[in-house]
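Q: My questions all concern the structure below.
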Amino acid sequence: MGPSGMGKSTLLHLIGGLDHPTHGEVHVGGERIDHLSEAKLTRWRAQNVGFIFQSHHLLPVLSAQANVELPLALTPLNKKQRQQHAATALGLVNMSERAHHLPKELSGGQEQRIAIARAIVSDPKILLCDEPTGNLDRKTADEILALLAKLNKDFGKTIIMVTHDQKAAEYASRVIDLEQYINSTDCIGNEPPQKSLEIN
Amino acid sequence: MNLLMLVWKNSLRKKIRFSLTCLSVMVAFFLLTTLAGIDHALNISTSANNQYRLMTSHKISMTQSLPINYQQKIATIEGVEAVSYVSWFGGFFQNEKNQLGITAVEHNSYFSLFNEYKILTEQLVNWKNNRTGIIIGQAIANKYGWKIGDKVPLSSSIWMNREGSFSWEFTVEAIYQTEDVATDDKRMFFQHKYFDKARAYAQNSTSWFSTKISPNANSDKVIAAIDNLFANSTSATRTTTEQVFIKEQAQQFVDMAMVIKVVLIAVFFTLLLIVCNSMIQTIRERLNETAMMKALGFSSFKLIQQVYLESLLLLATGAITGCLLANLTLAQVQQKMADFLPGIAIAPSYYFDVALLVALAAAVCSLFPAISIKRLAISKTLGAR
């Protein structure tokens with residue numbers, strides 16, 4: 001958590017290998033990722049991380065099922081296996097009935113569920129969520145948060161979420177206030193903090 | 001869902017843009033293919049023999065006559081196998097709209113040089129024995145319903161006969177066939193001997209000589225020898241291969257080679273500009289989706305591959321429809337222009353060139369989007385939206 005501009009999303013992007021740090025090192029699950037080449041980082045992302053953003057970024061030309069299948073196109077799975085995996089992921093987010101709908105035919109909450117299904121379909125260890133409920137009403141947001149909590153508890157997914165929402169933070173087993181963290185380090189001006197941030 | 005399906009769906013996302021771009025590509029390939037068909041006619045041999053045939057006409061102009069006795073002189077040149085002579089009749093049937101390719105030919109030698117005209121021996125003998133006999137192509141026989149033995153009144157826009165008339169009467173003695181599309185099946189031939197006696201003026205002269213050279217003869221040397229032989233006479237000659245002669249006749253109307261080059265350059269630039277613009281616009285519209293796909297683990301190479309396939313689909317669709325349309329048009333043009341320019345067709349190797357052109361153009365059109373994809377910062381792109 002933390003106020004805008006504090007670097008919450010930047011931190012998430014660093015953990016997800018979307019950004020390279022200007023200083024320091026990034027270790028995820030014991031593996032140092034900041035020095036990996038673009039190609040290796042891309043493969044690492046595909047195998048280890050699922051992303052859920054505030055905007056779902058579904059491909060409008062593909063059905064919900066096809067959107068969920070998209071990350072599996074990078075795997076050696078055959079068509080039938082891909083369809084089975086996608087159906088399972090859609091079932092987990094309670095969207096089986098909407099599998100053949102296009103994103104424009106879905107509500108915001110449903111679109112976010114599809115985005116979650118897409119994030120978990122390749123069975124990543126970590127789910128990185130950047131304000132996943134930011135565009136949703138309270139009721140839908142609660143449903144999404146409950147779904148993420150279920151993925152954490154029942155399927156053992158590590159979920160790292162950036163949010164402004166205090167209610168969302170209540171679902172977390174650990175909350176880091178980035179503002180407090182930065183104030184607690186001996187960070188001067190633009191110099192990087194000397195203490196490492198560990199998210200266990 | 002596979003990635004090819006994604007290419008297909010992405011291509012058809014903006015149907016109007018896709019259709020209009022395809023239409024532009026189609027027009028470009030239509031023009032290119034049509035001109036290639038005409039160029040093919042200019043470059044192919046009218047028969048396998050014509051690489052061994054030379055044409056000798058008056059140095060000043062085709063309309064100037066040459067003395068018939070040049071035949072014996074040309075025959076003495078080393079490398080020459082046979083010589084015949086031909087005069088253009090400028091004929092038509094009934095009215096000048098029905099123009100016909102009629103020539104008076106030296107009856108003993110002509111068909112030994114031009115064996116692509118298939119004539120039954122019996123019919124050829126009959127024609128040689130009847131000085132007013134005429135040989136016609138099967139297409140002419142079909143068009144006018146003429147058959148062996150028919151008396152055919154023809155007119156000339158050039159030659160008056162001794163009776164002071166431009167009307168000439170012939171008897172159909174033979175109908176020739178052709179075996180390949182490049183051979184004109186609408187020609188008509190009658191005896192030069194009769195022509196020379198019956199015409200009112202210009203006796204003992206002819207429009208041009210056709211010379212057959214031996215397969216191991218050097219055509220350049222023979223050409224030079226013929227022209228040198230008559231260089232200081234009152235009727236100097238200009239000799240070329242038959243192929244060059246046909247090409248020169250067509251180029252009196254238009255320099256096809258130049259037109260094709262200009263069109264080819266224009267086509268290339270038009271294609272690149274239109275499709276490049278379309279692809280750049282497409283990728284700009286999909287930046288956030290591209291960034292998301294990168295975040296999901298799609299490599300830049302994979303995404304560039306998708307753009308390339310989209311460009312390829314767009315260009316190939318336009319090129320295929322353009323080529324098909326041009327083929328249909330050329331079939332019509334071939335029918336209309338068979339007298340003037342036989343052999344209008346597309347060589348199979350042309351389609352290989354088109355495929356190469358399309359693949360190359362798709363690569364060039366994918367270049368700018370590829371750079372955008374390669375440089376795309378996922379966090380900035382997704383963060384900005």
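Every chain in the structure tokens takes a letter, A first, then B, and so on in the order presented; its residues are numbered from 1, and the ligands are numbered from 1 following the presented order.
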Using only C-alpha atoms, what does the table of chain A residues within 10 Å of chain B look like, with each row giving the shortest atom pair and its distance in Å to one decimal, sorted by chain and ascending number, as a Markdown table?
A:
```
| residue | atom | partner | partner_atom | distance |
| --- | --- | --- | --- | --- |
| A:Ser9 | CA | B:Gly383 | CA | 8.2 |
| A:Thr10 | CA | B:Ser379 | CA | 7.9 |
| A:Leu12 | CA | B:Ser379 | CA | 9.6 |
| A:His13 | CA | B:Ser379 | CA | 6.5 |
| A:Leu14 | CA | B:Ser379 | CA | 9.3 |
| A:Gly16 | CA | B:Ala295 | CA | 8.4 |
| A:Gly17 | CA | B:Ala295 | CA | 8.6 |
| A:Leu18 | CA | B:Ser379 | CA | 6.0 |
| A:Asp19 | CA | B:Ser379 | CA | 6.6 |
| A:Glu38 | CA | B:Ser299 | CA | 8.4 |
| A:Ala39 | CA | B:Ser299 | CA | 6.7 |
| A:Lys40 | CA | B:Ser299 | CA | 9.5 |
| A:Leu41 | CA | B:Gly297 | CA | 8.5 |
| A:Thr42 | CA | B:Gly297 | CA | 4.9 |
| A:Arg43 | CA | B:Gly297 | CA | 6.0 |
| A:Trp44 | CA | B:Gly297 | CA | 7.8 |
| A:Arg45 | CA | B:Gly297 | CA | 5.6 |
| A:Ala46 | CA | B:Gly297 | CA | 4.3 |
| A:Gln47 | CA | B:Gly297 | CA | 8.0 |
| A:Asn48 | CA | B:Gly297 | CA | 9.8 |
| A:Val49 | CA | B:Leu296 | CA | 8.1 |
| A:Gly50 | CA | B:Leu296 | CA | 7.1 |
| A:Phe51 | CA | B:Leu296 | CA | 7.4 |
| A:Ile52 | CA | B:Met292 | CA | 9.9 |
| A:Phe53 | CA | B:Leu382 | CA | 8.4 |
| A:Gln54 | CA | B:Arg385 | CA | 9.3 |
| A:Ser55 | CA | B:Arg385 | CA | 7.6 |
| A:His56 | CA | B:Met292 | CA | 9.2 |
| A:His57 | CA | B:Glu289 | CA | 6.0 |
| A:Leu58 | CA | B:Glu289 | CA | 7.2 |
| A:Leu59 | CA | B:Glu289 | CA | 6.5 |
| A:Pro60 | CA | B:Arg13 | CA | 9.0 |
| A:Val61 | CA | B:Lys9 | CA | 6.1 |
| A:Leu62 | CA | B:Leu6 | CA | 7.7 |
| A:Ser63 | CA | B:Met1 | CA | 9.4 |
| A:Gln65 | CA | B:Met1 | CA | 8.4 |
| A:Ala66 | CA | B:Met1 | CA | 5.5 |
| A:Asn67 | CA | B:Met1 | CA | 8.5 |
| A:Val68 | CA | B:Met1 | CA | 9.6 |
| A:Glu69 | CA | B:Met1 | CA | 6.8 |
| A:Leu70 | CA | B:Met1 | CA | 7.3 |
| A:Pro71 | CA | B:Leu296 | CA | 6.1 |
| A:Leu72 | CA | B:Asn2 | CA | 9.3 |
| A:Ala73 | CA | B:Asn2 | CA | 6.5 |
| A:Leu74 | CA | B:Phe298 | CA | 7.2 |
| A:Asn78 | CA | B:Asn2 | CA | 9.9 |
| A:Lys79 | CA | B:Met1 | CA | 7.5 |
| A:Arg82 | CA | B:Met1 | CA | 8.5 |
| A:Gln83 | CA | B:Met1 | CA | 8.3 |
| A:Arg118 | CA | B:Leu296 | CA | 9.0 |
| A:Ala119 | CA | B:Leu296 | CA | 8.0 |
| A:Ser122 | CA | B:Leu296 | CA | 9.8 |
| A:Asp130 | CA | B:Gly383 | CA | 9.6 |
```
Q: Take the residues from that selection and write them out as a compact mmCIF listing (two decimals), in the first residue's frame, keeping C-alpha atoms.
A:
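The resulting file, result_36.txt, is shown below:
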```txt
# COMPACT_ATOMS: atom_id res chain seq x y z
CA SER A 9 3.46 -0.31 -9.33
CA THR A 10 7.17 0.08 -10.10
CA LEU A 12 5.38 -4.84 -8.76
CA HIS A 13 6.85 -4.45 -12.25
CA LEU A 14 10.33 -5.13 -10.89
CA GLY A 16 7.39 -9.37 -12.37
CA GLY A 17 10.42 -8.70 -14.54
CA LEU A 18 8.64 -6.03 -16.53
CA ASP A 19 11.16 -3.37 -15.54
CA GLU A 38 15.13 -9.94 -22.38
CA ALA A 39 14.51 -13.39 -23.88
CA LYS A 40 15.25 -15.24 -20.61
CA LEU A 41 13.13 -12.80 -18.63
CA THR A 42 10.24 -13.34 -21.06
CA ARG A 43 10.48 -17.12 -20.55
CA TRP A 44 10.79 -16.67 -16.79
CA ARG A 45 7.65 -14.53 -16.75
CA ALA A 46 5.71 -17.08 -18.78
CA GLN A 47 6.63 -19.86 -16.35
CA ASN A 48 6.48 -18.11 -12.99
CA VAL A 49 4.25 -15.06 -12.94
CA GLY A 50 0.65 -14.21 -13.67
CA PHE A 51 -0.42 -10.59 -14.03
CA ILE A 52 -3.72 -9.01 -13.12
CA PHE A 53 -4.03 -5.31 -13.90
CA GLN A 54 -6.62 -2.67 -13.08
CA SER A 55 -7.56 -2.71 -16.77
CA HIS A 56 -8.04 -6.29 -17.83
CA HIS A 57 -6.39 -5.85 -21.29
CA LEU A 58 -8.31 -8.75 -22.82
CA LEU A 59 -8.01 -9.13 -26.59
CA PRO A 60 -11.35 -7.87 -27.91
CA VAL A 61 -11.33 -10.19 -30.95
CA LEU A 62 -11.09 -13.35 -28.86
CA SER A 63 -13.73 -15.07 -26.78
CA GLN A 65 -12.09 -19.02 -23.58
CA ALA A 66 -9.58 -17.98 -26.26
CA ASN A 67 -8.28 -15.13 -24.09
CA VAL A 68 -7.65 -17.58 -21.26
CA GLU A 69 -5.97 -20.00 -23.65
CA LEU A 70 -3.61 -17.32 -24.95
CA PRO A 71 -0.67 -17.92 -22.53
CA LEU A 72 -0.91 -21.65 -23.27
CA ALA A 73 -0.02 -20.97 -26.90
CA LEU A 74 3.55 -20.69 -25.64
CA ASN A 78 -2.01 -29.59 -27.76
CA LYS A 79 -5.31 -27.99 -28.65
CA ARG A 82 -5.19 -26.14 -23.89
CA GLN A 83 -8.97 -26.15 -24.02
CA ARG A 118 -5.83 -15.98 -17.89
CA ALA A 119 -3.30 -15.21 -15.14
CA SER A 122 -0.45 -21.63 -16.86
CA ASP A 130 -1.89 -4.06 -9.76
```
Q: Neighbours of Thr240 of chain B within 7 Å (only C-alpha atoms; same-chain residues fewer than 3 positions away dropped), as a PDB file with C-alpha atoms, in the first residue's frame?
A:
```pdb
ATOM      1  CA  LEU B  54      15.985 -12.973 -89.440  1.00  0.00           C
ATOM      2  CA  MET B  55      13.935 -10.228 -91.022  1.00  0.00           C
ATOM      3  CA  THR B  56      15.415  -7.865 -93.572  1.00  0.00           C
ATOM      4  CA  ILE B 223      22.901  -9.850 -89.783  1.00  0.00           C
ATOM      5  CA  VAL B 244      13.396  -7.995 -82.183  1.00  0.00           C
ATOM      6  CA  PHE B 245      11.337  -7.126 -85.218  1.00  0.00           C
TER       7      PHE B 245
END
```
Q: Based on DSSP run over this structure's backbone, return all residues of segment 63-180 of chain A in strand (DSSP E or B), as a VMD selection string.
A: chain A and resid 126 to 130 158 to 162
Q: For the residues in the current selection, export C-alpha atoms as a PDB file, in the first residue's frame.
A:
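Produced file again.pdb, reproduced below:
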```pdb
ATOM      1  CA  ILE A 126       3.099 -15.876  -8.170  1.00  0.00           C
ATOM      2  CA  LEU A 127       0.183 -13.637  -9.063  1.00  0.00           C
ATOM      3  CA  LEU A 128       0.994  -9.947  -9.330  1.00  0.00           C
ATOM      4  CA  CYS A 129      -2.081  -7.768  -9.017  1.00  0.00           C
ATOM      5  CA  ASP A 130      -1.893  -4.064  -9.761  1.00  0.00           C
ATOM      6  CA  THR A 158       1.559 -16.259  -3.768  1.00  0.00           C
ATOM      7  CA  ILE A 159      -0.377 -13.097  -4.386  1.00  0.00           C
ATOM      8  CA  ILE A 160       1.322  -9.726  -4.306  1.00  0.00           C
ATOM      9  CA  MET A 161      -1.196  -6.954  -4.659  1.00  0.00           C
ATOM     10  CA  VAL A 162      -0.780  -3.213  -4.954  1.00  0.00           C
TER      11      VAL A 162
END
```
Q: Provide the atom CA of Gln191 of chain B to atom CA of Asn126 of chain B distance in Å, to one decimal place.
A: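 Rounded to one decimal, the two atoms are 11.9 Å apart.
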Q: Find the residues around segment 273-279 of chain B up to 7 Å (only C-alpha atoms counted), leave out those fewer than 2 positions away in its own chain, and share them as JSON, numbers by chain.
A: {"B": [21, 269, 270, 271, 281, 282, 283, 365, 369]}
Q: So, counting only C-alpha atoms, which residue among B:Ile135, B:Ala104, B:Met258, B:Val125 is closest to Tyr194 of chain B?
A: B:Ala104
Q: Enumerate, as JSON, numbers by chain, the complete set of residues in segment 126-189 of chain A that a backbone-based DSSP assignment places in alpha helix (DSSP H).
A: {"A": [138, 139, 140, 141, 142, 143, 144, 145, 146, 147, 148, 149, 150, 151, 152, 153, 154, 155, 166, 167, 168, 169, 178, 179, 180, 181, 182, 183, 184]}
Q: For Asn95 of chain B, list every protein, DNA or RNA residue within 10 Å, evaluated using only C-alpha atoms, and leave out those in the same chain fewer than 4 positions away; present the list as a ChimeraX atom specification.
A: /B:91,99,154-155
Q: Applying 10 Å and only C-alpha atoms, which residues near Ala202 of chain B remain after dropping the ones on its own chain fewer than 3 positions away? List them as a ChimeraX atom specification.
A: /B:65-67,159,196-197,199,205-206
Q: Would you output that residue set with N, CA and C atoms, as a PDB file, in the first residue's frame?
A:
```
ATOM      1  N   SER B  65       9.963  -0.629-100.469  1.00  0.00           N
ATOM      2  CA  SER B  65      10.145  -1.995-100.973  1.00  0.00           C
ATOM      3  C   SER B  65      11.618  -2.316-101.239  1.00  0.00           C
ATOM      4  N   LEU B  66      11.874  -3.620-101.314  1.00  0.00           N
ATOM      5  CA  LEU B  66      13.221  -4.092-101.643  1.00  0.00           C
ATOM      6  C   LEU B  66      13.124  -4.943-102.906  1.00  0.00           C
ATOM      7  N   PRO B  67      14.172  -4.960-103.747  1.00  0.00           N
ATOM      8  CA  PRO B  67      14.125  -5.801-104.964  1.00  0.00           C
ATOM      9  C   PRO B  67      14.078  -7.286-104.607  1.00  0.00           C
ATOM     10  N   TRP B 159      -2.852  -1.899-102.295  1.00  0.00           N
ATOM     11  CA  TRP B 159      -2.526  -2.394-103.629  1.00  0.00           C
ATOM     12  C   TRP B 159      -3.725  -2.415-104.593  1.00  0.00           C
ATOM     13  N   ASP B 196       2.657 -10.283-107.747  1.00  0.00           N
ATOM     14  CA  ASP B 196       3.572  -9.466-108.541  1.00  0.00           C
ATOM     15  C   ASP B 196       3.022  -9.205-109.954  1.00  0.00           C
ATOM     16  N   LYS B 197       2.392 -10.230-110.496  1.00  0.00           N
ATOM     17  CA  LYS B 197       1.855 -10.086-111.857  1.00  0.00           C
ATOM     18  C   LYS B 197       0.565  -9.269-111.869  1.00  0.00           C
ATOM     19  N   ARG B 199      -0.593  -6.975-109.547  1.00  0.00           N
ATOM     20  CA  ARG B 199      -0.650  -5.602-109.009  1.00  0.00           C
ATOM     21  C   ARG B 199      -0.280  -4.586-110.098  1.00  0.00           C
ATOM     22  N   SER B 205       9.318  -6.362-106.507  1.00  0.00           N
ATOM     23  CA  SER B 205       9.752  -5.834-105.193  1.00  0.00           C
ATOM     24  C   SER B 205       8.959  -6.533-104.082  1.00  0.00           C
ATOM     25  N   THR B 206       9.489  -6.418-102.928  1.00  0.00           N
ATOM     26  CA  THR B 206       8.838  -7.079-101.782  1.00  0.00           C
ATOM     27  C   THR B 206       9.006  -6.217-100.530  1.00  0.00           C
TER      28      THR B 206
END
```
